[in-house]
Each structure stands twice: as structure tokens, then as C-alpha cells.
file final23.txt (compact mmCIF, C-alpha atoms)
# COMPACT_ATOMS: atom_id res chain seq x y z
CA MET K 57 -122.46 -0.14 -19.87
CA ASN K 58 -122.24 1.10 -18.30
CA GLY K 59 -126.07 -0.73 -15.59
CA GLN K 60 -126.34 -3.93 -17.56
CA ILE K 61 -129.21 -6.41 -17.82
CA LEU K 62 -128.40 -10.01 -17.02
CA ARG K 63 -129.22 -13.05 -19.11
CA ARG K 64 -130.89 -15.85 -17.24
CA GLY K 65 -131.05 -19.57 -16.83
CA LEU K 66 -134.38 -21.24 -17.48
CA LEU K 67 -136.27 -23.98 -15.68
CA VAL K 68 -139.34 -24.85 -17.72
CA SER K 69 -142.40 -26.97 -17.22
CA ALA K 70 -142.47 -30.25 -19.10
CA MET K 71 -145.40 -29.32 -21.31
CA LEU K 72 -143.63 -26.21 -22.68
CA VAL K 73 -140.01 -27.33 -22.73
CA GLY K 74 -139.78 -27.39 -26.53
CA LEU K 75 -141.02 -23.85 -26.80
CA LEU K 76 -138.86 -22.26 -24.15
CA ALA K 77 -135.47 -23.88 -24.46
CA SER K 78 -134.02 -21.21 -26.73
CA ALA K 79 -135.45 -18.10 -25.05
CA THR K 80 -133.07 -15.11 -24.90
CA PRO K 81 -133.47 -11.51 -23.75
CA ALA K 82 -135.43 -9.14 -25.97
CA ARG K 83 -133.71 -6.25 -27.71
CA GLY K 84 -136.74 -4.67 -29.33
CA GLN K 85 -137.59 -1.91 -26.91
CA ALA K 86 -137.57 1.62 -28.31
CA MET K 87 -136.95 3.47 -25.05
CA GLY K 88 -134.15 3.68 -22.53
CA SER K 89 -132.97 5.80 -19.64
CA LEU K 90 -130.00 7.84 -18.50
CA ARG K 91 -128.60 8.09 -15.02
CA GLY K 92 -125.35 9.75 -14.01
CA LEU K 93 -123.23 12.22 -12.13
CA VAL K 94 -121.68 15.50 -13.31
CA THR K 95 -118.29 16.32 -11.79
CA ASP K 96 -115.72 19.04 -12.40
CA GLU K 97 -112.07 18.44 -13.21
CA THR K 98 -111.29 17.88 -9.52
CA GLY K 99 -113.88 15.12 -9.24
CA ALA K 100 -116.27 17.24 -7.15
CA PRO K 101 -120.01 16.91 -7.96
CA VAL K 102 -121.60 19.85 -9.81
CA PRO K 103 -125.09 20.57 -8.41
CA GLU K 104 -127.69 22.43 -10.46
CA ALA K 105 -125.78 21.97 -13.72
CA GLU K 106 -127.92 22.34 -16.82
CA LEU K 107 -127.98 19.25 -19.05
CA THR K 108 -129.05 19.32 -22.68
CA PHE K 109 -129.51 16.09 -24.64
CA THR K 110 -129.85 16.31 -28.44
CA PHE K 111 -130.74 13.19 -30.39
CA ILE K 112 -128.34 12.35 -33.22
CA GLY K 113 -130.51 10.83 -35.91
CA ASP K 114 -133.49 11.25 -38.18
CA VAL K 115 -135.70 13.12 -35.71
CA ASP K 116 -135.27 16.46 -33.96
CA ILE K 117 -135.45 15.80 -30.21
CA THR K 118 -133.95 17.92 -27.42
CA VAL K 119 -134.33 17.19 -23.71
CA THR K 120 -133.16 19.44 -20.86
CA LEU K 121 -132.91 18.86 -17.12
CA MET K 122 -130.85 19.87 -14.08
CA THR K 123 -128.61 17.91 -11.75
CA ASN K 124 -129.74 17.66 -8.13
CA ASP K 125 -127.85 18.93 -5.09
CA LYS K 126 -125.51 15.92 -5.34
CA GLY K 127 -124.70 16.48 -9.01
CA GLU K 128 -126.83 13.49 -10.04
CA PHE K 129 -129.42 13.19 -12.80
CA THR K 130 -131.94 10.66 -14.10
CA ARG K 131 -134.04 10.70 -17.24
CA SER K 132 -136.33 7.92 -18.47
CA GLY K 133 -138.33 7.44 -21.65
CA LEU K 134 -135.60 8.40 -24.12
CA ARG K 135 -135.40 7.12 -27.68
CA THR K 136 -132.66 4.55 -28.17
CA GLY K 137 -129.58 5.59 -30.15
CA GLN K 138 -126.88 8.25 -29.97
CA TRP K 139 -127.41 11.51 -28.07
CA LYS K 140 -125.14 14.53 -27.73
CA MET K 141 -124.96 15.54 -24.09
CA GLN K 142 -123.83 18.97 -22.89
CA ALA K 143 -123.40 19.90 -19.23
CA THR K 144 -122.99 23.57 -18.31
CA LYS K 145 -122.82 25.67 -15.18
CA GLY K 146 -121.41 29.17 -15.34
CA GLU K 147 -118.03 28.90 -17.04
CA LEU K 148 -117.96 25.11 -16.78
CA ILE K 149 -118.86 23.07 -19.82
CA GLY K 150 -118.55 19.44 -20.88
CA ILE K 151 -119.73 17.75 -24.07
CA GLN K 152 -119.81 14.06 -24.98
CA ASN K 153 -121.88 11.55 -26.89
CA VAL K 154 -123.82 8.89 -25.01
CA ARG K 155 -125.78 5.90 -26.29
CA VAL K 156 -129.17 4.88 -24.98
CA MET K 157 -129.24 1.12 -25.45
CA ILE K 158 -132.16 -0.87 -26.83
CA ALA K 159 -134.09 -2.11 -23.77
CA ALA K 160 -136.38 -0.47 -21.29
CA MET K 161 -134.51 1.32 -18.50
CA THR K 162 -131.07 0.63 -19.97
CA LYS K 163 -128.20 2.37 -18.23
CA VAL K 164 -125.92 4.34 -20.52
CA ASP K 165 -122.21 3.58 -20.30
CA THR K 166 -120.79 7.13 -20.28
CA LEU K 167 -122.75 9.06 -17.70
CA ILE K 168 -120.18 10.47 -15.30
CA ILE K 169 -118.98 13.61 -17.02
CA LYS K 170 -115.68 15.30 -16.46
CA VAL K 171 -116.50 18.96 -17.03
CA PRO K 172 -113.35 20.96 -17.84
CA ALA K 173 -113.22 24.62 -16.85
CA LYS K 174 -113.64 27.07 -19.71
CA GLY K 175 -112.36 30.62 -19.42
CA ALA K 176 -111.52 30.08 -15.77
CA THR K 177 -109.66 32.80 -13.94
CA ASP K 178 -106.58 32.25 -11.83
CA THR K 179 -108.10 31.57 -8.42
CA SER K 180 -105.74 28.86 -7.17
CA GLY K 181 -102.30 30.31 -7.70
CA MET K 182 -102.17 29.12 -11.32
CA SER K 183 -101.01 31.40 -14.07
CA ALA K 184 -103.22 32.08 -17.07
CA LYS K 185 -100.95 29.83 -19.15
CA GLU K 186 -101.24 27.02 -16.60
CA VAL K 187 -105.01 27.33 -16.64
CA GLU K 188 -104.99 27.24 -20.44
CA ASP K 189 -102.73 24.17 -20.50
CA ARG K 190 -104.90 22.40 -17.92
CA ASN K 191 -108.05 23.07 -19.89
CA LYS K 192 -106.39 21.88 -23.09
CA LEU K 193 -105.28 18.65 -21.40
CA MET K 194 -108.76 18.04 -19.99
CA ALA K 195 -110.30 18.59 -23.44
CA GLU K 196 -107.82 16.15 -24.97
CA MET K 197 -108.49 13.57 -22.28
CA GLN K 198 -112.24 13.99 -22.70
CA ALA K 199 -111.89 13.34 -26.44
CA GLU K 200 -109.63 10.35 -25.76
CA PHE K 201 -112.14 9.00 -23.24
CA GLU K 202 -115.02 9.29 -25.71
CA ALA K 203 -112.95 7.58 -28.42
CA GLY K 204 -112.09 4.79 -25.98
CA VAL K 205 -115.70 4.22 -25.00
CA ALA K 206 -116.76 4.25 -28.66
CA ALA K 207 -114.18 1.54 -29.43
CA ILE K 208 -115.33 -0.91 -26.74
CA GLU K 209 -117.74 -2.73 -29.06
CA THR K 210 -115.60 -2.68 -32.21
CA ASP K 211 -112.00 -2.92 -30.97
CA PRO K 212 -111.68 -3.51 -27.21
CA ASP K 213 -107.86 -3.51 -27.34
CA VAL K 214 -107.89 0.03 -28.75
CA ALA K 215 -110.46 0.98 -26.13
CA ILE K 216 -108.27 -0.34 -23.31
CA ALA K 217 -105.21 1.51 -24.66
CA LYS K 218 -107.04 4.84 -24.91
CA LEU K 219 -108.79 4.54 -21.56
CA THR K 220 -105.53 3.57 -19.86
CA ILE K 221 -103.97 6.79 -21.17
CA VAL K 222 -106.83 8.79 -19.67
CA ALA K 223 -106.61 6.91 -16.36
CA GLY K 224 -102.93 7.83 -16.19
CA SER K 225 -103.61 11.53 -16.80
CA VAL K 226 -106.84 12.12 -14.85
CA PRO K 227 -106.42 11.44 -11.11
CA ASP K 228 -108.83 8.95 -9.55
CA CYS K 229 -110.74 8.29 -12.78
CA ALA K 230 -113.00 5.53 -11.49
CA LEU K 231 -115.10 5.67 -14.65
CA CYS K 232 -111.99 5.01 -16.76
CA TYR K 233 -111.42 1.71 -14.97
CA THR K 234 -115.10 0.80 -15.23
CA ARG K 235 -114.95 1.20 -19.00
CA ILE K 236 -111.63 -0.69 -19.11
CA GLY K 237 -113.51 -3.47 -17.35
CA ASP K 238 -116.26 -3.28 -19.99
CA ALA K 239 -113.67 -3.63 -22.76
CA ASN K 240 -112.15 -6.67 -21.05
CA MET K 241 -115.63 -8.17 -20.70
CA LYS K 242 -116.01 -7.73 -24.45
CA LYS K 243 -112.76 -9.68 -24.84
CA LYS K 244 -114.09 -12.30 -22.39
CA ASP K 245 -111.07 -11.68 -20.15
CA MET K 246 -113.00 -12.04 -16.91
CA ALA K 247 -109.98 -11.77 -14.61
CA ALA K 248 -108.86 -8.47 -16.12
CA ALA K 249 -112.42 -7.16 -16.12
CA GLU K 250 -112.91 -8.04 -12.45
CA ALA K 251 -109.62 -6.34 -11.53
CA ALA K 252 -110.63 -3.17 -13.40
CA TYR K 253 -114.07 -3.02 -11.78
CA LYS K 254 -112.56 -3.53 -8.34
CA LYS K 255 -110.06 -0.73 -9.04
CA ALA K 256 -112.97 1.54 -9.98
CA ILE K 257 -114.70 0.74 -6.69
CA GLU K 258 -111.46 1.37 -4.80
CA LEU K 259 -111.31 4.85 -6.35
CA ASP K 260 -115.03 5.61 -5.93
CA ASP K 261 -117.19 3.25 -3.89
CA THR K 262 -120.31 5.35 -4.51
CA MET K 263 -120.43 4.84 -8.30
CA PRO K 264 -123.00 2.15 -9.16
CA ASP K 265 -121.68 1.24 -12.63
CA ALA K 266 -118.82 -0.95 -11.41
CA TYR K 267 -121.05 -2.82 -8.94
CA SER K 268 -123.64 -3.43 -11.67
CA ALA K 269 -120.93 -4.72 -14.01
CA LEU K 270 -119.69 -7.13 -11.34
CA VAL K 271 -123.25 -8.43 -11.00
CA VAL K 272 -123.14 -9.49 -14.65
CA LEU K 273 -119.62 -10.91 -14.38
CA TYR K 274 -120.31 -12.97 -11.26
CA ASN K 275 -123.62 -14.19 -12.62
CA GLN K 276 -121.88 -15.47 -15.74
CA GLN K 277 -119.40 -17.30 -13.51
CA GLN K 278 -122.27 -18.72 -11.41
CA LYS K 279 -120.87 -16.97 -8.33
CA LEU K 280 -124.39 -16.20 -7.21
CA ASP K 281 -123.62 -15.09 -3.65
CA GLU K 282 -121.09 -12.55 -4.94
CA ALA K 283 -123.51 -11.46 -7.66
CA MET K 284 -126.28 -10.90 -5.12
CA ALA K 285 -123.98 -8.85 -2.87
CA MET K 286 -123.00 -6.61 -5.79
CA SER K 287 -126.63 -6.34 -6.89
CA ARG K 288 -127.75 -5.20 -3.45
CA LYS K 289 -125.01 -2.57 -3.37
CA ALA K 290 -125.88 -1.33 -6.87
CA ASN K 291 -129.56 -1.23 -5.97
CA GLU K 292 -128.75 0.69 -2.80
CA LEU K 293 -126.82 3.30 -4.79
CA LEU K 294 -129.24 3.47 -7.72
CA GLY K 295 -132.56 2.90 -6.10
CA ALA K 296 -132.67 4.65 -2.73
CA SER K 297 -135.84 6.50 -3.64
CA GLU K 298 -139.46 6.76 -2.62
CA SER K 299 -140.40 4.74 -5.71
CA GLY K 300 -138.96 1.62 -4.11
CA GLY K 301 -135.85 0.96 -6.15
CA ASP K 302 -134.24 0.99 -9.55
CA PRO K 303 -135.98 -1.30 -12.07
CA VAL K 304 -132.81 -2.53 -13.79
CA ALA K 305 -131.05 -3.28 -10.50
CA LEU K 306 -134.13 -5.12 -9.24
CA TYR K 307 -134.40 -6.99 -12.54
CA ASN K 308 -130.80 -8.16 -12.22
CA GLN K 309 -131.50 -9.23 -8.65
CA ALA K 310 -134.51 -11.24 -9.86
CA ILE K 311 -132.33 -12.99 -12.47
CA ILE K 312 -129.83 -13.99 -9.80
CA LEU K 313 -132.64 -15.46 -7.69
CA TRP K 314 -133.89 -17.30 -10.78
CA ASN K 315 -130.48 -18.77 -11.51
CA ALA K 316 -130.20 -19.82 -7.87
CA GLY K 317 -133.44 -21.81 -8.22
CA LYS K 318 -135.46 -19.45 -6.01
CA TYR K 319 -138.37 -19.17 -8.41
CA PRO K 320 -141.13 -17.75 -6.16
CA GLU K 321 -138.69 -15.10 -4.89
CA ALA K 322 -137.67 -14.30 -8.47
CA LYS K 323 -141.31 -13.89 -9.47
CA ALA K 324 -141.86 -11.46 -6.59
CA GLU K 325 -138.93 -9.36 -7.79
CA PHE K 326 -140.18 -9.34 -11.40
CA GLU K 327 -143.53 -8.14 -10.08
CA LYS K 328 -141.75 -5.25 -8.34
CA VAL K 329 -139.98 -4.37 -11.57
CA VAL K 330 -143.16 -4.15 -13.66
CA ALA K 331 -144.82 -2.12 -10.90
CA LEU K 332 -141.93 0.37 -10.97
CA ASP K 333 -141.63 0.45 -14.75
CA PRO K 334 -144.66 -0.95 -16.61
CA THR K 335 -142.90 -0.26 -19.95
CA MET K 336 -140.04 -2.71 -19.29
CA ALA K 337 -141.01 -5.40 -21.79
CA GLU K 338 -138.40 -7.96 -20.79
CA ALA K 339 -139.61 -7.90 -17.18
CA HIS K 340 -143.13 -8.83 -18.33
CA TYR K 341 -141.69 -11.66 -20.41
CA GLN K 342 -139.67 -12.96 -17.48
CA LEU K 343 -142.69 -12.65 -15.19
CA GLY K 344 -144.60 -14.79 -17.68
CA MET K 345 -141.81 -17.37 -17.65
CA ALA K 346 -141.83 -17.41 -13.86
CA ASN K 347 -145.58 -17.99 -13.80
CA VAL K 348 -145.25 -20.83 -16.33
CA ASN K 349 -142.64 -22.56 -14.20
CA LEU K 350 -144.80 -22.16 -11.12
CA GLY K 351 -147.81 -23.59 -12.95
CA GLN K 352 -149.75 -20.30 -12.84
CA LEU K 353 -150.81 -20.25 -16.48
CA PRO K 354 -153.54 -17.55 -16.45
CA ALA K 355 -151.07 -15.12 -14.85
CA ALA K 356 -148.44 -16.22 -17.38
CA ALA K 357 -150.79 -15.48 -20.26
CA LYS K 358 -151.48 -12.00 -18.93
CA ALA K 359 -147.76 -11.25 -18.62
CA PHE K 360 -146.98 -12.52 -22.13
CA GLU K 361 -149.84 -10.49 -23.59
CA GLU K 362 -148.42 -7.35 -21.94
CA TYR K 363 -144.97 -8.19 -23.28
CA LEU K 364 -146.33 -8.47 -26.82
CA LYS K 365 -148.07 -5.09 -26.52
CA LEU K 366 -144.77 -3.48 -25.56
CA ALA K 367 -142.48 -5.44 -27.90
CA PRO K 368 -144.57 -7.00 -30.72
CA ASP K 369 -141.39 -7.57 -32.74
CA GLY K 370 -139.11 -8.29 -29.78
CA GLU K 371 -136.61 -11.12 -29.75
CA ASN K 372 -138.92 -13.21 -27.55
CA ALA K 373 -142.12 -12.34 -29.39
CA GLU K 374 -142.40 -15.64 -31.28
CA THR K 375 -141.76 -17.65 -28.12
CA ALA K 376 -144.37 -15.64 -26.21
CA LYS K 377 -146.92 -16.16 -28.99
CA ALA K 378 -146.25 -19.89 -29.07
CA ILE K 379 -146.62 -20.21 -25.30
CA LEU K 380 -149.87 -18.19 -25.38
CA LYS K 381 -151.25 -20.41 -28.13
CA GLN K 382 -150.48 -23.54 -26.12
CA ILE K 383 -151.86 -22.11 -22.87
CA LYS K 384 -155.13 -21.16 -24.55

call {"tool": "encode", "arguments": {"input": "final23.txt", "output": "C-alpha cells"}}
result
Amino acid sequence: MNGQILRRGLLVSAMLVGLLASATPARGQAMGSLRGLVTDETGAPVPEAELTFTFIGDVDITVTLMTNDKGEFTRSGLRTGQWKMQATKGELIGIQNVRVMIAAMTKVDTLIIKVPAKGATDTSGMSAKEVEDRNKLMAEMQAEFEAGVAAIETDPDVAIAKLTIVAGSVPDCALCYTRIGDANMKKKDMAAAEAAYKKAIELDDTMPDAYSALVVLYNQQQKLDEAMAMSRKANELLGASESGGDPVALYNQAIILWNAGKYPEAKAEFEKVVALDPTMAEAHYQLGMANVNLGQLPAAAKAFEEYLKLAPDGENAETAKAILKQIK
């Protein structure tokens, strides 16, 4: 996942310690977001490609948008679950399934799309048979890539094997190594995961996914300086916009500050997150926790109330209700 949300350490006030000791991130949000890059088989960005997302489930939802002049796209407010994504431009086409994870502003794992040429003519000295063989290989590698990504959660060893095959066949496949890193994280092989993420950055230092993954890895290892450096780089790549930044990257940065014991600074970052994305339930919950630990109970109550509006059945709902009851 591909942008991942960090778990956090907690410092709690004495009066609420019994209520807060077991708090964990919520997973009850019904919306997520997509962010990515469309490239052709050479790795070049594809500007103004048409993207169609079709929800795979019990409701009929279709969303369309275009990539910008850098081949990038962003879409928020999507239902969580599986989506079929198709990217087209002229004779170029690419199809894959992506999963919008349960959490506000979740980054989807498989967003950089290799778009194989379809019906391409011989414009580079290749024969028609060579073009056909190339397109067949790209289609096979795309299918192998999707199967590898799908296996990360259920069988990371299979995922690593499939993604390694793709990495060996598709030159400079930075995304392949990022997903290999994800599979190793699932196995809790931190050394292998770190090596894979660093290889991805070596191949493409403009892709935010690997930086975001290293934020999570270093935070788990309590390497907070390294985590902050990766977070700033991910935020630079994801959030260089007039809106002031990317909510998930800023959220991760706030968690690192929290774990480093910089509670006022963490609170300020959580406030930025909820300003950028008022629907991000977990950020409201964390803002409430920050206010509790700083002794600002009225502000804490307001944040918890907002959290419960957004995620009434969220993983932290019972904790938020208990804290509210004690505050009042």
C-alpha cells in the first residue's frame, strides 16, 4: 500500500489511563482515495489519459477522470473495496484491479499503471510480429503483477515470486520493488523490505509510495529521524499543492512527532490534517487524544464528537464514548 497510515504510541493523562491504554487505529471509514501515475511500456508518463473506475460489488458506480500533464491523477471520496481501473489514450490501454482501503484518504497500492500498446504500428524499426510479441509479454506481465499484488495479504511468498518475475522482465519497474517490499513487510522481514523500498527509490526517486512505506517501517523500528526524513520527502511528492499538503502524509508526520514526544507539534499537524480533509475520522480521534494529553478537555470532547459522527462504529468508537462520558 501502497501510502500507509502509521500506528502510534500513546502518552495519556493519569485520569484517563485506563480508558486509553488499548486504543488502536480505526478501520470503519467508508471512503478512500486514489492517487497515481499512468505510464506507457517505456516508463514515460501518459498525459491526458482517460481513466474509468468501475466498482466491483453490490452497487453500480462508475467514475471517470483524466491524468494531468505529468500523467498523474488523484480522486477522493471513493467507496472502499475493489475497483476495476481502465486507462486509455488512443491505441494505448491498460486494465487492472485496485483496492480502496478502509480509512479516509487511504492510498491504493497499485496505482502506477503500465499501459501496454494495443494495435501499435511499427514506428521504431520493429516488425509487426515483434510488436505483437512485445504486447503479449506486457499483457502477461501485467496479469502477473496483478496476481502478485493480490497475493500480498494472503501469501506474501507467492507475491514476492510473481513480482520478482515481473521485475526481471520489465525494465526499471520501481513499483515492482515497492510491492516486493510490501510483501516482505507482511512477512515482518524488515531488512528485506527496506532493501526493496530502497531499490524502488533508486529506480524512481519521484514515486512517493516507497518513501511512504519507509515511513511506516522506520516508525516501527523507532528510527524517528529516518521516518521523519522519509515523511517529508513523501509529503513533498504527494502534497505540493495549493491545498497545503497531502492529508495522509501529514497524518503520518504527526504520528512520528507524537512518538517522539513532541505533543504540541503533533497536535498542530493533526489540526492541519482535519482542515485539509474534514472526513478523515482517525485524524479527529488523534486530535482528541492530543488534546487530552495536553489537558485541553473541551477541545478533546469536540474532536471525539466529530470522530463519532464520521465513524460511529469505528474501532475507536467505544474508547471515544468512554472518554467523552468521563470528560462530561

call {"tool": "atom_distance", "arguments": {"input": "final23.txt", "atom1": "atom CA of K:Leu293", "atom2": "atom CA of K:Ala195"}}
result
29.2 Å

call {"tool": "residues_near_point", "arguments": {"input": "final23.txt", "point": "(-157.5, -24.1, -19.6)", "cutoff": "9 Å", "atoms": "all atoms listed in the file", "output": "list in words"}}
result
Leu353, Pro354, Ile383 and Lys384 of chain K

call {"tool": "atom_distance", "arguments": {"input": "final23.txt", "atom1": "atom CA of K:Lys318", "atom2": "atom CA of K:Lys365"}}
result
28.0 Å

call {"tool": "residues_around", "arguments": {"input": "final23.txt", "residues": "K:Pro320", "least_positions_apart": "6", "cutoff": "9 Å", "atoms": "all atoms listed in the file", "output": "PyMOL selection string"}}
result
chain K and resi 313-314+346-347+350

call {"tool": "atom_distance", "arguments": {"input": "final23.txt", "atom1": "atom CA of K:Ala339", "atom2": "atom CA of K:Asn153"}}
result
28.1 Å

call {"tool": "closest_residue", "arguments": {"input": "final23.txt", "among": "K:His340, K:Arg235, K:Pro212, K:Val272", "to": "K:Lys255", "atoms": "all atoms listed in the file"}}
result
K:Arg235

call {"tool": "closest_residue", "arguments": {"input": "final23.txt", "among": "K:Tyr319, K:Tyr307, K:Tyr233, K:Tyr267", "to": "K:Met286", "atoms": "all atoms listed in the file"}}
result
K:Tyr267

call {"tool": "residues_around", "arguments": {"input": "final23.txt", "residues": "K:Lys243", "least_positions_apart": "6", "cutoff": "12 Å", "atoms": "only C-alpha atoms", "output": "NGL selection string"}}
result
:K and (208-216 or 236-237 or 249)
